[in-house]
Amino acid sequence: MTHGNGALEIDTITKRYGDTVALDGVSVDVRPGEILGFVGSNGAGKTTTMRIALGVLAADSGQVRLDGRPVDLDVRRTIGYMPEERGLYPKMKVGEQLTYLAELHGLRRAAARRATARWAERLGIAARLTDPVDALSLGNQQRVQLAAALVHDPAVLVLDEPFSGLDPVAVDVMSDVLREKARAGVPVLFSSHQLDLVQRLCDRVAIIVAGRMRTVGAVAEVRRGAGVRLEVHAPAAPRGWADGLPGVTVDGTLDGRTTLLLDRHANDQDVLAAALATGPVHGFTLRTPSLTDLYREVVA
Amino acid sequence: MTGPLPATRAIALVARREFRAQVVKKSFVISNVIVLLVIAGGIVAFAVFGGAGEEERPGIGVAGAGPLAAAVTGAGDRLGLPVDVRALDSAQAGRDAVAAGELEVALVPAADGAVAIVDEEVPAGLRAVLDAALERQSRDAALTGLGVDPSTLDRGTAPAVLTVDALDPPDPEAGQRTALSLVALFLLFGQILGFGTYVAMGVVEEKSSRVVELLLSTIRPLHLLWGKVIGIGTVGLLQLVLYGVVGLAAGIGSGVLTLTGTAVGVFAGVLGWFVLGFAFYAVLYAAAGSMVSRQEDVNSTAGPLMLSLFVLYGAAFYYVGSPDATLAVVLSWIPPFSAILMPLRIADGSATGLQIAGTVGLMLAAVAVLAWVGARIYERSVLRTGTTVPWREALGRSRR
């Protein structure tokens, strides 16, 4: 499936290390203007996927395309990349370093300087441009790292754990930048363990488990697809009152509160009627699982 | 917005960064200032205290007035061992002066000649001078007694002149040529070893700080490698030029160096061969650096390179000792030995233009082959972190 519409397509990528299969036919595409959250346990294959997308690592099979075109060095140069292992020259001054990286991505000198000043201002490190990187706090080094991914005005963003190690203010700045880039039509792919952030920020989410893509879809859709959780507070209800209701599974009962899992065939009004038949009902709460619940279920 | 990045611009950008990173290092600037001061100061000091000063004459004290003092001076001049003769007030003053080390010998006239007061024994050459002086003194006394003026006899018996016709006369410039060779040798060895190590350390720094992953997402490994080699090599070359210019200026200015043409030729040879020798080793040093992930592991892979440089160094000393040996001449053709031996042969004037051209050609071919091998190792190893990459894997067919 070739789009040719500005999307970043990761198409059936497989990577083996000896007998270990690190990635097994992983496919995902990030559409222009979309933020895609990439979620999975440590070692599931997020970083390997991203490194292959950047050409830092070679896949055994499969292809990565941008706008329908296989990603070669010239295409890669238009990607903004934040590697999982943060990397900058420790003794080089922040400003010189950002300008250098911008130039390596094809900007002319003057344009590189302007972009450095602009992003340093935006990310709150303008006062530190003449300091060597290793004189900065870890949080500020992280901001420099993000500036390094953005300074050449990339057409795609691939960020590996961009939020790890950031203070709350920096998290907000980072979130704003990602939203802004997406609004400008840039496909944004980022991985994170902070699922609440992913839920809040992303249009779609991709969950990878042990080298295989388990779920890819809109966050709301994925959450709905996993079913609904219903908590009923009916103190007089006898044990087993909800058994036999179609599409309903009893998850547990505690102090007259029963937690039920409803699939697509269940009707919550039938459940309410059954509960009322047992006596008074003090509570009846529908809960869509958070991404965190969902993730635990998928990964388990 | 991003634009195209031709290979030349990518290499130039990396080279410029490497150059700047090297020359702004405080330690680099300070050590260069010190070395330049030592070069200039050493040469000027040599001119002032060493070469220009005369050898110190042995001091001989003579007690009592009389012709003995003049006889000793004359004997010293005739025997080619000029002495510094001083008059002594008394024999005791002579003893004190010898004991204090101010005089080699104190001569006290005696009835049958003279007594020589010395610390331990009469220095070998001085014995002949003293004997000749006493003999001359008694001969003069006898001649005067016979009514003959000793100076008349001297004029009548002036010795005939002995002219020396040497088949292989010593080259008065040999000393300077040898000195130039040794300086060239030290400079080449130091620069190649030092800047090769800088290349290896630079590669490891990029690996250990992980910045290499960011760099390789936008430029090719070979561009990064060559940019680094060119940038650091340029610093090494400029440093060499600086050392050479300061050394030549101080040497010629102070009069220590009189072979201006030869010195400039040797200097040019050293610069050219540094470029070749550095290219030969730098790519290997980069490969060695790419195989490890931590600075402290560099020696494990760069050690063999250093060892081979020491072998070169030994070969160069062998050549300086016996420049006509067949082995030395053969070695001077073989890369990388040529890199350090050819400047020496240029210095002593034994290299023909044909040999220079031939050895440069061979060296260039060797550099091309090594660049290919080194780049291959570098490409395979530079993104691998953790344990040191074994040579077998670095050279093997596995993909990254």
# chains A, B, ... in the order shown; residues from 1 in each chain; ligands from 1
>>> interface_residues(of="chain A", to="chain B", cutoff="8 Å", atoms="only C-alpha atoms", output="ChimeraX atom specification")
/A:54-58,73-74,76-78,81-83,85-90,92,100-101,103-107,152-154
>>> select_by_dssp(residues="region 88-118 of chain B", states="strand (DSSP E or B)", output="PyMOL selection string")
chain B and resi 88+105-110+113-118
>>> residues_around(residues="Ala184 (chain B)", least_positions_apart="6", cutoff="10 Å", atoms="only C-alpha atoms", output="MDAnalysis selection string")
chainID B and resid 178 190 244 266:267 269:271 340:341 343:344 347
>>> write_last_selection(atoms="N, CA, C and O atoms", output="PDB file, in the first residue's frame")
ATOM      1  N   THR B 178      72.819  15.587   9.731  1.00  0.00           N
ATOM      2  CA  THR B 178      72.356  14.601  10.709  1.00  0.00           C
ATOM      3  C   THR B 178      71.340  15.227  11.663  1.00  0.00           C
ATOM      4  O   THR B 178      70.296  14.637  11.969  1.00  0.00           O
ATOM      5  N   GLY B 190      56.335  11.940  16.054  1.00  0.00           N
ATOM      6  CA  GLY B 190      55.448  12.559  17.044  1.00  0.00           C
ATOM      7  C   GLY B 190      54.118  12.969  16.437  1.00  0.00           C
ATOM      8  O   GLY B 190      53.056  12.726  17.016  1.00  0.00           O
ATOM      9  N   GLY B 244      58.193  24.157  12.061  1.00  0.00           N
ATOM     10  CA  GLY B 244      59.258  24.256  11.072  1.00  0.00           C
ATOM     11  C   GLY B 244      59.675  25.694  10.832  1.00  0.00           C
ATOM     12  O   GLY B 244      60.864  26.008  10.814  1.00  0.00           O
ATOM     13  N   VAL B 266      64.349  19.708   3.317  1.00  0.00           N
ATOM     14  CA  VAL B 266      63.975  18.701   4.308  1.00  0.00           C
ATOM     15  C   VAL B 266      62.603  19.039   4.895  1.00  0.00           C
ATOM     16  O   VAL B 266      61.736  18.180   5.052  1.00  0.00           O
ATOM     17  N   PHE B 267      62.405  20.308   5.170  1.00  0.00           N
ATOM     18  CA  PHE B 267      61.143  20.778   5.743  1.00  0.00           C
ATOM     19  C   PHE B 267      59.981  20.438   4.802  1.00  0.00           C
ATOM     20  O   PHE B 267      58.972  19.848   5.216  1.00  0.00           O
ATOM     21  N   GLY B 269      59.972  18.171   2.508  1.00  0.00           N
ATOM     22  CA  GLY B 269      59.845  16.713   2.475  1.00  0.00           C
ATOM     23  C   GLY B 269      59.059  16.198   3.668  1.00  0.00           C
ATOM     24  O   GLY B 269      58.188  15.329   3.545  1.00  0.00           O
ATOM     25  N   VAL B 270      59.354  16.752   4.837  1.00  0.00           N
ATOM     26  CA  VAL B 270      58.662  16.318   6.055  1.00  0.00           C
ATOM     27  C   VAL B 270      57.166  16.608   5.944  1.00  0.00           C
ATOM     28  O   VAL B 270      56.327  15.770   6.276  1.00  0.00           O
ATOM     29  N   LEU B 271      56.816  17.791   5.428  1.00  0.00           N
ATOM     30  CA  LEU B 271      55.399  18.142   5.298  1.00  0.00           C
ATOM     31  C   LEU B 271      54.694  17.161   4.369  1.00  0.00           C
ATOM     32  O   LEU B 271      53.627  16.627   4.688  1.00  0.00           O
ATOM     33  N   ILE B 340      58.859   7.570   6.784  1.00  0.00           N
ATOM     34  CA  ILE B 340      59.779   8.129   7.769  1.00  0.00           C
ATOM     35  C   ILE B 340      61.218   8.056   7.256  1.00  0.00           C
ATOM     36  O   ILE B 340      62.061   8.877   7.619  1.00  0.00           O
ATOM     37  N   LEU B 341      61.531   7.110   6.346  1.00  0.00           N
ATOM     38  CA  LEU B 341      62.893   6.975   5.838  1.00  0.00           C
ATOM     39  C   LEU B 341      63.176   7.939   4.677  1.00  0.00           C
ATOM     40  O   LEU B 341      64.291   8.436   4.547  1.00  0.00           O
ATOM     41  N   PRO B 343      62.115  11.061   4.093  1.00  0.00           N
ATOM     42  CA  PRO B 343      62.559  12.399   4.507  1.00  0.00           C
ATOM     43  C   PRO B 343      64.020  12.390   4.960  1.00  0.00           C
ATOM     44  O   PRO B 343      64.753  13.344   4.721  1.00  0.00           O
ATOM     45  N   LEU B 344      64.453  11.275   5.576  1.00  0.00           N
ATOM     46  CA  LEU B 344      65.855  11.186   6.010  1.00  0.00           C
ATOM     47  C   LEU B 344      66.774  11.113   4.797  1.00  0.00           C
ATOM     48  O   LEU B 344      67.839  11.739   4.774  1.00  0.00           O
ATOM     49  N   ALA B 347      67.049  14.353   3.352  1.00  0.00           N
ATOM     50  CA  ALA B 347      67.896  15.211   4.187  1.00  0.00           C
ATOM     51  C   ALA B 347      69.372  14.952   3.914  1.00  0.00           C
ATOM     52  O   ALA B 347      70.168  15.888   3.816  1.00  0.00           O
TER      53      ALA B 347
END
>>> select_by_dssp(residues="region 5-164 of chain A", states="helix (DSSP H, G or I)", output="count of residues only")
56
>>> residues_around(residues="Val83 (chain B)", least_positions_apart="2", cutoff="8 Å", atoms="only C-alpha atoms", output="short mmCIF file (atom, residue, chain, number, x, y, z; two decimals) with all heavy atoms, in the first residue's frame")
data_model
loop_
_atom_site.label_atom_id
_atom_site.label_comp_id
_atom_site.auth_asym_id
_atom_site.auth_seq_id
_atom_site.Cartn_x
_atom_site.Cartn_y
_atom_site.Cartn_z
N ARG B 57 90.37 26.41 28.03
CA ARG B 57 91.75 25.94 28.05
C ARG B 57 92.12 25.47 29.45
O ARG B 57 91.67 26.07 30.43
CB ARG B 57 92.70 27.09 27.67
CG ARG B 57 92.44 27.60 26.27
CD ARG B 57 93.25 28.86 26.05
NE ARG B 57 93.24 29.21 24.65
CZ ARG B 57 94.27 29.83 24.06
NH1 ARG B 57 95.35 30.14 24.75
NH2 ARG B 57 94.19 30.13 22.78
N PRO B 58 92.92 24.43 29.52
CA PRO B 58 93.38 24.01 30.86
C PRO B 58 94.24 25.11 31.47
O PRO B 58 95.04 25.74 30.78
CB PRO B 58 94.17 22.74 30.58
CG PRO B 58 94.39 22.67 29.12
CD PRO B 58 93.42 23.58 28.45
N GLY B 59 94.05 25.32 32.75
CA GLY B 59 94.79 26.37 33.43
C GLY B 59 96.07 25.82 34.07
O GLY B 59 96.06 24.80 34.74
N ILE B 60 97.19 26.50 33.83
CA ILE B 60 98.47 26.08 34.44
C ILE B 60 99.06 27.29 35.16
O ILE B 60 99.19 28.38 34.58
CB ILE B 60 99.45 25.56 33.38
CG1 ILE B 60 98.89 24.28 32.75
CG2 ILE B 60 100.83 25.31 34.00
CD1 ILE B 60 99.74 23.70 31.66
N VAL B 72 105.95 27.32 28.54
CA VAL B 72 104.74 26.49 28.61
C VAL B 72 103.73 26.95 27.57
O VAL B 72 103.15 26.14 26.83
CB VAL B 72 104.13 26.53 30.03
CG1 VAL B 72 102.76 25.85 30.05
CG2 VAL B 72 105.07 25.86 31.03
N THR B 73 103.51 28.27 27.48
CA THR B 73 102.56 28.80 26.50
C THR B 73 102.96 28.37 25.10
O THR B 73 102.14 27.88 24.30
CB THR B 73 102.52 30.33 26.58
OG1 THR B 73 102.27 30.70 27.93
CG2 THR B 73 101.44 30.90 25.67
N GLY B 76 102.45 24.64 24.46
CA GLY B 76 101.02 24.33 24.27
C GLY B 76 100.58 24.67 22.85
O GLY B 76 99.91 23.88 22.19
N ASP B 77 100.96 25.85 22.36
CA ASP B 77 100.57 26.26 21.02
C ASP B 77 101.16 25.31 19.98
O ASP B 77 100.48 24.92 19.03
CB ASP B 77 101.04 27.70 20.75
CG ASP B 77 100.23 28.71 21.56
OD1 ASP B 77 99.15 28.31 22.09
OD2 ASP B 77 100.67 29.87 21.69
N LEU B 81 97.65 22.23 21.85
CA LEU B 81 96.85 22.19 23.08
C LEU B 81 97.07 23.48 23.84
O LEU B 81 97.81 23.53 24.80
CB LEU B 81 97.27 20.98 23.93
CG LEU B 81 96.42 20.72 25.17
CD1 LEU B 81 95.01 20.31 24.80
CD2 LEU B 81 97.07 19.66 26.05
N VAL B 85 98.06 30.22 30.92
CA VAL B 85 99.13 30.26 31.93
C VAL B 85 98.94 31.47 32.84
O VAL B 85 98.65 32.57 32.38
CB VAL B 85 100.51 30.34 31.24
CG1 VAL B 85 101.60 30.49 32.29
CG2 VAL B 85 100.74 29.09 30.41
#
>>> residues_around(residues="region 172-174 of chain A", least_positions_apart="4", cutoff="10 Å", atoms="only C-alpha atoms", output="PyMOL selection string")
chain A and resi 122-124+143+146+162-163+166-168+178-180
>>> atom_distance(atom1="CA of Ala149 (chain A)", atom2="CA of Lys93 (chain A)")
16.6 Å
>>> residues_around(residues="region 326-330 of chain B", least_positions_apart="2", cutoff="12 Å", atoms="only C-alpha atoms", output="list of chain:residue names")
B:Leu312, B:Gly314, B:Ala315, B:Ala316, B:Phe317, B:Tyr318, B:Tyr319, B:Val320, B:Gly321, B:Ser322, B:Pro323, B:Asp324, B:Ser332, B:Trp333, B:Ile334, B:Pro335, B:Phe337, B:Ser338, B:Ile340, B:Leu341, B:Met342, B:Leu344, B:Arg345, B:Ser350, B:Ala351, B:Gln355, B:Thr359
>>> atom_distance(atom1="CA of Arg392 (chain B)", atom2="CA of Tyr285 (chain B)")
16.9 Å
>>> atom_distance(atom1="CA of Ser27 (chain A)", atom2="CA of Glu9 (chain A)")
7.6 Å
>>> residues_around(residues="Ala71 (chain B)", least_positions_apart="6", cutoff="8 Å", atoms="only C-alpha atoms", output="list in words")
Ala133, Leu134, Arg136 and Gln137 of chain B
>>> closest_residue(among="B:Gly196, B:Gly233, B:Pro109, B:Pro67", to="Ala141 (chain B)", atoms="only C-alpha atoms")
B:Pro67
>>> decode(residues="region 52-159 of chain B", atoms="C-alpha atoms", output="PDB file, in the first residue's frame")
ATOM      1  CA  ALA B  52      79.987  29.972  19.246  1.00  0.00           C
ATOM      2  CA  GLY B  53      81.932  29.695  22.526  1.00  0.00           C
ATOM      3  CA  GLU B  54      85.578  28.471  22.529  1.00  0.00           C
ATOM      4  CA  GLU B  55      86.666  25.397  24.380  1.00  0.00           C
ATOM      5  CA  GLU B  56      87.947  26.099  27.838  1.00  0.00           C
ATOM      6  CA  ARG B  57      91.754  25.935  28.049  1.00  0.00           C
ATOM      7  CA  PRO B  58      93.375  24.011  30.857  1.00  0.00           C
ATOM      8  CA  GLY B  59      94.795  26.371  33.427  1.00  0.00           C
ATOM      9  CA  ILE B  60      98.467  26.077  34.442  1.00  0.00           C
ATOM     10  CA  GLY B  61      99.957  28.180  37.175  1.00  0.00           C
ATOM     11  CA  VAL B  62     103.692  28.945  37.196  1.00  0.00           C
ATOM     12  CA  ALA B  63     105.385  30.090  40.384  1.00  0.00           C
ATOM     13  CA  GLY B  64     108.258  32.569  40.255  1.00  0.00           C
ATOM     14  CA  ALA B  65     109.369  34.832  37.471  1.00  0.00           C
ATOM     15  CA  GLY B  66     111.400  33.488  34.579  1.00  0.00           C
ATOM     16  CA  PRO B  67     111.124  32.064  31.089  1.00  0.00           C
ATOM     17  CA  LEU B  68     109.162  28.975  32.208  1.00  0.00           C
ATOM     18  CA  ALA B  69     105.745  30.621  31.726  1.00  0.00           C
ATOM     19  CA  ALA B  70     106.559  31.651  28.144  1.00  0.00           C
ATOM     20  CA  ALA B  71     107.968  28.169  27.440  1.00  0.00           C
ATOM     21  CA  VAL B  72     104.740  26.491  28.613  1.00  0.00           C
ATOM     22  CA  THR B  73     102.556  28.801  26.497  1.00  0.00           C
ATOM     23  CA  GLY B  74     104.765  28.201  23.438  1.00  0.00           C
ATOM     24  CA  ALA B  75     104.808  24.420  23.929  1.00  0.00           C
ATOM     25  CA  GLY B  76     101.022  24.331  24.275  1.00  0.00           C
ATOM     26  CA  ASP B  77     100.569  26.260  21.018  1.00  0.00           C
ATOM     27  CA  ARG B  78     103.101  24.066  19.166  1.00  0.00           C
ATOM     28  CA  LEU B  79     101.453  20.840  20.311  1.00  0.00           C
ATOM     29  CA  GLY B  80      97.958  22.043  19.454  1.00  0.00           C
ATOM     30  CA  LEU B  81      96.849  22.189  23.075  1.00  0.00           C
ATOM     31  CA  PRO B  82      96.690  25.872  23.969  1.00  0.00           C
ATOM     32  CA  VAL B  83      96.911  26.434  27.713  1.00  0.00           C
ATOM     33  CA  ASP B  84      96.037  29.310  29.974  1.00  0.00           C
ATOM     34  CA  VAL B  85      99.132  30.261  31.933  1.00  0.00           C
ATOM     35  CA  ARG B  86      98.898  32.265  35.134  1.00  0.00           C
ATOM     36  CA  ALA B  87     101.634  33.595  37.387  1.00  0.00           C
ATOM     37  CA  LEU B  88     101.613  32.314  40.977  1.00  0.00           C
ATOM     38  CA  ASP B  89     102.866  34.257  43.994  1.00  0.00           C
ATOM     39  CA  SER B  90     104.146  31.149  45.750  1.00  0.00           C
ATOM     40  CA  ALA B  91     104.128  27.382  45.690  1.00  0.00           C
ATOM     41  CA  GLN B  92     101.478  27.438  48.429  1.00  0.00           C
ATOM     42  CA  ALA B  93      99.180  29.615  46.345  1.00  0.00           C
ATOM     43  CA  GLY B  94      99.581  26.998  43.589  1.00  0.00           C
ATOM     44  CA  ARG B  95      98.632  24.159  45.959  1.00  0.00           C
ATOM     45  CA  ASP B  96      95.527  26.058  47.088  1.00  0.00           C
ATOM     46  CA  ALA B  97      94.470  26.828  43.520  1.00  0.00           C
ATOM     47  CA  VAL B  98      94.842  23.181  42.442  1.00  0.00           C
ATOM     48  CA  ALA B  99      92.976  21.977  45.535  1.00  0.00           C
ATOM     49  CA  ALA B 100      90.164  24.431  44.753  1.00  0.00           C
ATOM     50  CA  GLY B 101      89.989  23.137  41.180  1.00  0.00           C
ATOM     51  CA  GLU B 102      90.957  26.538  39.720  1.00  0.00           C
ATOM     52  CA  LEU B 103      94.095  25.150  38.098  1.00  0.00           C
ATOM     53  CA  GLU B 104      94.918  21.832  36.484  1.00  0.00           C
ATOM     54  CA  VAL B 105      98.586  22.071  37.299  1.00  0.00           C
ATOM     55  CA  ALA B 106     100.786  24.368  39.398  1.00  0.00           C
ATOM     56  CA  LEU B 107     104.410  24.412  38.270  1.00  0.00           C
ATOM     57  CA  VAL B 108     107.106  25.274  40.809  1.00  0.00           C
ATOM     58  CA  PRO B 109     110.634  25.642  39.358  1.00  0.00           C
ATOM     59  CA  ALA B 110     113.208  23.369  40.976  1.00  0.00           C
ATOM     60  CA  ALA B 111     116.959  22.902  40.564  1.00  0.00           C
ATOM     61  CA  ASP B 112     116.624  19.977  38.148  1.00  0.00           C
ATOM     62  CA  GLY B 113     113.527  21.269  36.318  1.00  0.00           C
ATOM     63  CA  ALA B 114     110.146  21.845  37.950  1.00  0.00           C
ATOM     64  CA  VAL B 115     107.646  20.225  40.320  1.00  0.00           C
ATOM     65  CA  ALA B 116     104.094  19.788  38.927  1.00  0.00           C
ATOM     66  CA  ILE B 117     101.449  20.018  41.653  1.00  0.00           C
ATOM     67  CA  VAL B 118      98.282  18.249  40.543  1.00  0.00           C
ATOM     68  CA  ASP B 119      95.158  16.931  42.177  1.00  0.00           C
ATOM     69  CA  GLU B 120      95.587  13.296  41.207  1.00  0.00           C
ATOM     70  CA  GLU B 121      97.750  13.018  38.129  1.00  0.00           C
ATOM     71  CA  VAL B 122      98.896  15.115  35.192  1.00  0.00           C
ATOM     72  CA  PRO B 123      96.198  15.061  32.482  1.00  0.00           C
ATOM     73  CA  ALA B 124      97.435  13.008  29.510  1.00  0.00           C
ATOM     74  CA  GLY B 125      97.900  15.821  26.963  1.00  0.00           C
ATOM     75  CA  LEU B 126      99.363  18.253  29.461  1.00  0.00           C
ATOM     76  CA  ARG B 127     102.195  15.906  30.344  1.00  0.00           C
ATOM     77  CA  ALA B 128     103.603  16.267  26.809  1.00  0.00           C
ATOM     78  CA  VAL B 129     103.207  20.057  26.939  1.00  0.00           C
ATOM     79  CA  LEU B 130     105.046  20.279  30.279  1.00  0.00           C
ATOM     80  CA  ASP B 131     107.832  17.937  29.147  1.00  0.00           C
ATOM     81  CA  ALA B 132     108.282  19.917  25.922  1.00  0.00           C
ATOM     82  CA  ALA B 133     108.356  23.201  27.840  1.00  0.00           C
ATOM     83  CA  LEU B 134     111.040  21.964  30.232  1.00  0.00           C
ATOM     84  CA  GLU B 135     113.080  20.478  27.407  1.00  0.00           C
ATOM     85  CA  ARG B 136     112.853  23.716  25.424  1.00  0.00           C
ATOM     86  CA  GLN B 137     113.810  25.691  28.506  1.00  0.00           C
ATOM     87  CA  SER B 138     116.954  23.645  29.162  1.00  0.00           C
ATOM     88  CA  ARG B 139     117.840  23.590  25.417  1.00  0.00           C
ATOM     89  CA  ASP B 140     117.506  27.398  25.258  1.00  0.00           C
ATOM     90  CA  ALA B 141     119.649  27.745  28.351  1.00  0.00           C
ATOM     91  CA  ALA B 142     122.318  25.495  26.814  1.00  0.00           C
ATOM     92  CA  LEU B 143     122.230  27.324  23.452  1.00  0.00           C
ATOM     93  CA  THR B 144     122.527  30.699  25.161  1.00  0.00           C
ATOM     94  CA  GLY B 145     125.509  29.326  27.085  1.00  0.00           C
ATOM     95  CA  LEU B 146     127.102  28.379  23.725  1.00  0.00           C
ATOM     96  CA  GLY B 147     126.456  31.893  22.398  1.00  0.00           C
ATOM     97  CA  VAL B 148     123.650  30.935  20.031  1.00  0.00           C
ATOM     98  CA  ASP B 149     120.406  32.875  19.957  1.00  0.00           C
ATOM     99  CA  PRO B 150     117.639  30.238  20.273  1.00  0.00           C
ATOM    100  CA  SER B 151     115.294  32.204  17.977  1.00  0.00           C
ATOM    101  CA  THR B 152     117.896  32.145  15.196  1.00  0.00           C
ATOM    102  CA  LEU B 153     118.062  28.379  15.474  1.00  0.00           C
ATOM    103  CA  ASP B 154     114.252  28.163  15.387  1.00  0.00           C
ATOM    104  CA  ARG B 155     114.112  30.164  12.167  1.00  0.00           C
ATOM    105  CA  GLY B 156     116.798  28.015  10.573  1.00  0.00           C
ATOM    106  CA  THR B 157     115.075  24.770  11.420  1.00  0.00           C
ATOM    107  CA  ALA B 158     111.453  25.722  10.650  1.00  0.00           C
ATOM    108  CA  PRO B 159     109.683  22.453   9.836  1.00  0.00           C
TER     109      PRO B 159
END
